[in-house]
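Inspection log for the structure reproduced underneath, given as structure tokens.
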Amino acid sequence: MTPAISATGLTRKYYDQVALDDVHLAIGAGTITGLLGRNGAGKTTLLRILGGQEFPSSGSVQVLGAAPAENQDVLRRLVLVREDQTYPDYQGYPNFKVSHALRAASFFYPCWDADLASSLLEDFRLPANKAIKSLSRGQRSSLGITIGLAARAEVTLFDEPYAGLDAVARQIFYDRLLADYADFPRTVLLSTHLIDEAAALFENVVVIDRGRVMLDTAADGLRGMATTVSGPVLAVNSFTGGRPVWERRGLGSQASAVIVGQISPEDRERARSLGLDLTPLSLQQLVVQASGGSAGAGAVTGRASA
Amino acid sequence: MPQMAGLDEGGSLFAQVAERLAGEIADGGLAEGERVPSSNELAAFYRINPATAAKGIHVLADEGLLEKQRGIGMFVATGARQRLLARRRAEFTERYVQPLLTEAARLGMDTGELIAMIKDASSEREGVPV
């Protein structure tokens, strides 16, 4: 697949702080990718550079085939919704309303869908005539999401877009994103720390930690990559013997261990005869392992790149 | 969890979609010759990525359980239900009988007790509409 977004040797430093460290990425056109990692991992810096709002210190990025910074052709075909988004001039114009923000966006984005925008406002119960400065944090997030979806930009970047949104509003966001993506496929990159909630949206996931890419893989390939084995200590030890193990815990005569690698039908049979339970690790648990800086990180990346 | 309409987060999602569809065909919920929901419809229902849903459909199509009709969609193939039922019978031992025996062994029950238990449970069910 042609990459819609690519980064080559991308590094960004702030004085002696390294926010992004030699990042190489290729994100296929028309996919939804999750950008995952801890706070401060470099997610926002990456998205800002992809969105043309910041320059790399070294290395390069291409969005839709060109460098995005100061490139109007690319910028009109991409939208970046930031965490706690602010709106142009809203400090200078106290009467700047939700409807004005949408008008401004409609001029900028060639594929803007006004009907989609108003139906999203309705879903989020956000009145169009409300002044931006009096919006709550959650309402500002709703407005950002509305603009991000209604722009129908070929490249849609969401950076933790849901500060202050409750579970119902977040579900609306996920549902509307999927529905509109199904009708108008585009490249979506969504950073989030609510991994369990959003996991099923992703076709691919990129995990970054301390400015480096730890994992870049298909989400479905990741599921089942590691499994928790639990049961009697001796049985767990016998089952895990000779396998890479990330983590072991014990409580009295019971133990559990996280093993890396796919489980074969023979493994299942053996686990059953030993009286062991097998539970696949969720995406969230895998990301915790991959970004914890533990032995697990090497194990995941080693496998993913194999 | 409100996401994913009952799919299990840990397992492979496309395989679960395939399994759900196969289950519906086996139970007769999706009749032979009937149109199967599209990947976008499945994606919206299960709240998953459409590519994942499409992969689930492809698994069944590769097994010949679904047939593509160009420009219209995927349909349940002739004989799909019989094949799925045969497969389920073949898997019955592994999926149900083996775990039953394992748990019985854990509780110190022998096969004779187990058989008596199954007979009891079965006669209790008789006359009860299922």
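Labeling convention for the structure tokens: chains A, B, ... as they appear, residues from 1 per chain, ligands from 1 in order of appearance.
The protein and nucleic acid residues lying at most 8 Å from Glu32 of chain B are Ile25, Phe75, Val76, Ala77, Thr78, Gly79, Ala80 and Arg81 of chain B, with only C-alpha atoms considered and sequence neighbours fewer than 3 positions away removed.
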Print the selection's residues with N, CA and C atoms to a file, as a PDB file, in the first residue's frame.
ATOM      1  N   ILE B  25     -24.826 -18.909  10.701  1.00  0.00           N
ATOM      2  CA  ILE B  25     -25.181 -19.786   9.580  1.00  0.00           C
ATOM      3  C   ILE B  25     -25.571 -21.172  10.107  1.00  0.00           C
ATOM      4  N   PHE B  75     -22.856 -13.924  -0.115  1.00  0.00           N
ATOM      5  CA  PHE B  75     -24.046 -14.716   0.187  1.00  0.00           C
ATOM      6  C   PHE B  75     -23.648 -16.053   0.793  1.00  0.00           C
ATOM      7  N   VAL B  76     -24.527 -16.602   1.601  1.00  0.00           N
ATOM      8  CA  VAL B  76     -24.240 -17.905   2.212  1.00  0.00           C
ATOM      9  C   VAL B  76     -24.304 -18.976   1.128  1.00  0.00           C
ATOM     10  N   ALA B  77     -23.232 -19.775   1.014  1.00  0.00           N
ATOM     11  CA  ALA B  77     -23.136 -20.780  -0.040  1.00  0.00           C
ATOM     12  C   ALA B  77     -24.055 -21.967   0.251  1.00  0.00           C
ATOM     13  N   THR B  78     -24.441 -22.677  -0.802  1.00  0.00           N
ATOM     14  CA  THR B  78     -25.232 -23.885  -0.654  1.00  0.00           C
ATOM     15  C   THR B  78     -24.404 -24.934   0.091  1.00  0.00           C
ATOM     16  N   GLY B  79     -25.029 -25.591   1.037  1.00  0.00           N
ATOM     17  CA  GLY B  79     -24.327 -26.640   1.785  1.00  0.00           C
ATOM     18  C   GLY B  79     -23.491 -26.117   2.945  1.00  0.00           C
ATOM     19  N   ALA B  80     -23.464 -24.768   3.113  1.00  0.00           N
ATOM     20  CA  ALA B  80     -22.620 -24.186   4.168  1.00  0.00           C
ATOM     21  C   ALA B  80     -23.077 -24.653   5.553  1.00  0.00           C
ATOM     22  N   ARG B  81     -24.403 -24.686   5.751  1.00  0.00           N
ATOM     23  CA  ARG B  81     -24.915 -25.037   7.078  1.00  0.00           C
ATOM     24  C   ARG B  81     -24.535 -26.473   7.449  1.00  0.00           C
TER      25      ARG B  81
END
Worksheet entry | Filtered DSSP result for segment 100-255 of chain A, state helix (DSSP H, G or I), as a PyMOL selection string | chain A and resi 100-108+114-124+132-134+137-150+167-183+195-201+219-222+233-240
Worksheet entry | Residue neighbourhood Asp27 of chain B, 12 Å, only C-alpha atoms, exclusion window fewer than 2 positions, as a PyMOL selection string | chain B and resi 20-25+29-32+80-82+84-85+88
Discussion item. Please list as a ChimeraX atom specification every residue within 12 Å of Arg137 of chain A, counting only C-alpha atoms and excluding residues in the same chain fewer than 3 positions away.
Written reply: /A:83-86,132-134,140-144,161-166
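Atom CA of Ala15 of chain B lies 12.9 Å from atom CA of Asp62 of chain B.
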Interface rows for chain A against chain B: nearest pair, Å to one decimal, 8 Å, only C-alpha atoms, as JSON lines:
{"residue": "A:Ile32", "atom": "CA", "partner": "B:Asn49", "partner_atom": "CA", "distance": 7.6}
{"residue": "A:Gln171", "atom": "CA", "partner": "B:Gln3", "partner_atom": "CA", "distance": 7.9}
{"residue": "A:Tyr174", "atom": "CA", "partner": "B:Arg47", "partner_atom": "CA", "distance": 7.9}
{"residue": "A:Asp175", "atom": "CA", "partner": "B:Arg47", "partner_atom": "CA", "distance": 6.9}
{"residue": "A:Leu178", "atom": "CA", "partner": "B:Ala44", "partner_atom": "CA", "distance": 6.7}
{"residue": "A:Ala179", "atom": "CA", "partner": "B:Ala44", "partner_atom": "CA", "distance": 6.6}
{"residue": "A:Ala182", "atom": "CA", "partner": "B:Asn40", "partner_atom": "CA", "distance": 5.9}
{"residue": "A:Asp196", "atom": "CA", "partner": "B:Glu9", "partner_atom": "CA", "distance": 7.8}
{"residue": "A:Glu197", "atom": "CA", "partner": "B:Gln3", "partner_atom": "CA", "distance": 6.3}
{"residue": "A:Ala198", "atom": "CA", "partner": "B:Gln3", "partner_atom": "CA", "distance": 7.9}
{"residue": "A:Ala200", "atom": "CA", "partner": "B:Ile48", "partner_atom": "CA", "distance": 4.7}
{"residue": "A:Leu201", "atom": "CA", "partner": "B:Asn49", "partner_atom": "CA", "distance": 4.6}
{"residue": "A:Phe202", "atom": "CA", "partner": "B:Asn49", "partner_atom": "CA", "distance": 5.9}
{"residue": "A:Glu203", "atom": "CA", "partner": "B:Asn49", "partner_atom": "CA", "distance": 6.2}
{"residue": "A:Asp220", "atom": "CA", "partner": "B:Ser12", "partner_atom": "CA", "distance": 5.7}
{"residue": "A:Gly221", "atom": "CA", "partner": "B:Ser12", "partner_atom": "CA", "distance": 7.6}
{"residue": "A:Arg223", "atom": "CA", "partner": "B:Ser12", "partner_atom": "CA", "distance": 5.5}
{"residue": "A:Gly224", "atom": "CA", "partner": "B:Gly11", "partner_atom": "CA", "distance": 5.9}
{"residue": "A:Arg272", "atom": "CA", "partner": "B:Thr102", "partner_atom": "CA", "distance": 7.2}
{"residue": "A:Ser273", "atom": "CA", "partner": "B:Thr102", "partner_atom": "CA", "distance": 7.1}
{"residue": "A:Gly275", "atom": "CA", "partner": "B:Thr102", "partner_atom": "CA", "distance": 7.3}
{"residue": "A:Thr279", "atom": "CA", "partner": "B:Gly10", "partner_atom": "CA", "distance": 7.4}
{"residue": "A:Pro280", "atom": "CA", "partner": "B:Gly10", "partner_atom": "CA", "distance": 4.9}
{"residue": "A:Leu281", "atom": "CA", "partner": "B:Gly10", "partner_atom": "CA", "distance": 5.4}
{"residue": "A:Ser282", "atom": "CA", "partner": "B:Gly10", "partner_atom": "CA", "distance": 4.4}
{"residue": "A:Leu283", "atom": "CA", "partner": "B:Gly10", "partner_atom": "CA", "distance": 7.1}
Would you save the residues from that selection as an mmCIF file, in the first residue's frame, using N, CA and C atoms?
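Saved file part-v6.cif follows:
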data_model
loop_
_atom_site.group_PDB
_atom_site.id
_atom_site.type_symbol
_atom_site.label_atom_id
_atom_site.label_comp_id
_atom_site.auth_asym_id
_atom_site.auth_seq_id
_atom_site.Cartn_x
_atom_site.Cartn_y
_atom_site.Cartn_z
ATOM 1 N N ILE A 32 -6.766 3.146 9.545
ATOM 2 C CA ILE A 32 -6.867 3.823 10.839
ATOM 3 C C ILE A 32 -5.755 3.253 11.718
ATOM 4 N N GLN A 171 -18.037 7.471 22.939
ATOM 5 C CA GLN A 171 -18.639 6.431 22.104
ATOM 6 C C GLN A 171 -19.209 7.037 20.820
ATOM 7 N N TYR A 174 -16.290 7.503 18.502
ATOM 8 C CA TYR A 174 -15.835 6.265 17.860
ATOM 9 C C TYR A 174 -16.825 5.810 16.778
ATOM 10 N N ASP A 175 -18.113 5.855 17.118
ATOM 11 C CA ASP A 175 -19.126 5.374 16.171
ATOM 12 C C ASP A 175 -19.172 6.241 14.910
ATOM 13 N N LEU A 178 -16.063 5.676 12.717
ATOM 14 C CA LEU A 178 -16.143 4.440 11.930
ATOM 15 C C LEU A 178 -17.126 4.579 10.782
ATOM 16 N N ALA A 179 -18.284 5.184 11.078
ATOM 17 C CA ALA A 179 -19.329 5.301 10.058
ATOM 18 C C ALA A 179 -18.844 6.182 8.909
ATOM 19 N N ALA A 182 -16.109 4.555 6.898
ATOM 20 C CA ALA A 182 -16.615 3.510 6.010
ATOM 21 C C ALA A 182 -17.129 4.128 4.704
ATOM 22 N N ASP A 196 -7.859 0.431 25.650
ATOM 23 C CA ASP A 196 -8.876 -0.625 25.647
ATOM 24 C C ASP A 196 -10.133 -0.176 24.911
ATOM 25 N N GLU A 197 -10.490 1.091 25.141
ATOM 26 C CA GLU A 197 -11.685 1.626 24.492
ATOM 27 C C GLU A 197 -11.561 1.693 22.985
ATOM 28 N N ALA A 198 -10.393 2.128 22.537
ATOM 29 C CA ALA A 198 -10.237 2.454 21.117
ATOM 30 C C ALA A 198 -9.617 1.318 20.308
ATOM 31 N N ALA A 200 -10.286 -1.552 19.108
ATOM 32 C CA ALA A 200 -10.922 -2.229 17.984
ATOM 33 C C ALA A 200 -11.046 -1.342 16.750
ATOM 34 N N LEU A 201 -10.799 -0.041 16.913
ATOM 35 C CA LEU A 201 -10.876 0.859 15.761
ATOM 36 C C LEU A 201 -9.671 0.705 14.854
ATOM 37 N N PHE A 202 -8.570 0.219 15.422
ATOM 38 C CA PHE A 202 -7.306 0.301 14.710
ATOM 39 C C PHE A 202 -7.044 -0.884 13.806
ATOM 40 N N GLU A 203 -6.541 -0.562 12.604
ATOM 41 C CA GLU A 203 -6.039 -1.617 11.733
ATOM 42 C C GLU A 203 -4.559 -1.851 12.067
ATOM 43 N N ASP A 220 -4.275 -6.724 14.577
ATOM 44 C CA ASP A 220 -4.754 -8.090 14.772
ATOM 45 C C ASP A 220 -3.605 -9.078 14.927
ATOM 46 N N GLY A 221 -2.445 -8.743 14.359
ATOM 47 C CA GLY A 221 -1.287 -9.606 14.540
ATOM 48 C C GLY A 221 -0.754 -9.534 15.961
ATOM 49 N N ARG A 223 -2.670 -9.055 18.699
ATOM 50 C CA ARG A 223 -3.512 -9.818 19.620
ATOM 51 C C ARG A 223 -3.072 -11.277 19.571
ATOM 52 N N GLY A 224 -2.944 -11.875 20.683
ATOM 53 C CA GLY A 224 -2.519 -13.269 20.704
ATOM 54 C C GLY A 224 -1.012 -13.414 20.641
ATOM 55 N N ARG A 272 -4.383 -27.622 29.195
ATOM 56 C CA ARG A 272 -5.588 -28.186 29.787
ATOM 57 C C ARG A 272 -5.248 -29.385 30.660
ATOM 58 N N SER A 273 -4.345 -30.229 30.154
ATOM 59 C CA SER A 273 -4.041 -31.413 30.949
ATOM 60 C C SER A 273 -3.284 -31.042 32.224
ATOM 61 N N GLY A 275 -4.053 -28.383 33.890
ATOM 62 C CA GLY A 275 -4.987 -27.592 34.693
ATOM 63 C C GLY A 275 -4.660 -26.109 34.680
ATOM 64 N N THR A 279 -4.963 -16.941 29.002
ATOM 65 C CA THR A 279 -5.711 -15.728 28.669
ATOM 66 C C THR A 279 -4.845 -14.831 27.796
ATOM 67 N N PRO A 280 -5.316 -14.513 26.576
ATOM 68 C CA PRO A 280 -4.498 -13.632 25.733
ATOM 69 C C PRO A 280 -4.386 -12.234 26.333
ATOM 70 N N LEU A 281 -3.250 -11.596 26.150
ATOM 71 C CA LEU A 281 -3.066 -10.225 26.619
ATOM 72 C C LEU A 281 -3.834 -9.273 25.714
ATOM 73 N N SER A 282 -4.455 -8.272 26.322
ATOM 74 C CA SER A 282 -5.155 -7.273 25.514
ATOM 75 C C SER A 282 -4.121 -6.316 24.925
ATOM 76 N N LEU A 283 -4.565 -5.551 23.942
ATOM 77 C CA LEU A 283 -3.688 -4.570 23.316
ATOM 78 C C LEU A 283 -3.114 -3.628 24.365
#
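Backbone DSSP over segment 8-119 of chain B gives strand (DSSP E or B) for Arg35, Leu66, Glu67, Lys68, Gln69, Gly73, Met74, Phe75 and Val76 of chain B.
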Restricted to C-alpha atoms, what would the selected residues look like written as a compact mmCIF listing (two decimals), in the first residue's frame?
# COMPACT_ATOMS: atom_id res chain seq x y z
CA ARG B 35 -26.93 -11.94 1.86
CA LEU B 66 -19.68 -17.65 1.47
CA GLU B 67 -19.92 -16.77 -2.20
CA LYS B 68 -19.34 -13.43 -3.78
CA GLN B 69 -21.90 -12.06 -6.19
CA GLY B 73 -22.14 -8.67 -1.86
CA MET B 74 -21.48 -11.94 -0.09
CA PHE B 75 -24.05 -14.72 0.19
CA VAL B 76 -24.24 -17.91 2.21
Worksheet entry | Among listed residues B:Arg125, B:Ala18, B:Ala104, B:Arg83, nearest Ala61 of chain B (using only C-alpha atoms) | B:Ala18
Worksheet item: Which of these residues is nearest to Leu149 of chain A, using only C-alpha atoms: A:Ile172, A:Ala128, A:Leu135, A:Ala29?
Response: A:Ile172
Discussion item. Need to verify the contact set: Arg12 of chain A, 12 Å, only C-alpha atoms, exclusion of same-chain residues closer than 4 positions in sequence. Can you return it as a PyMOL selection string?
Written reply: chain A and resi 7+16-23+42-49+54-61+210-212
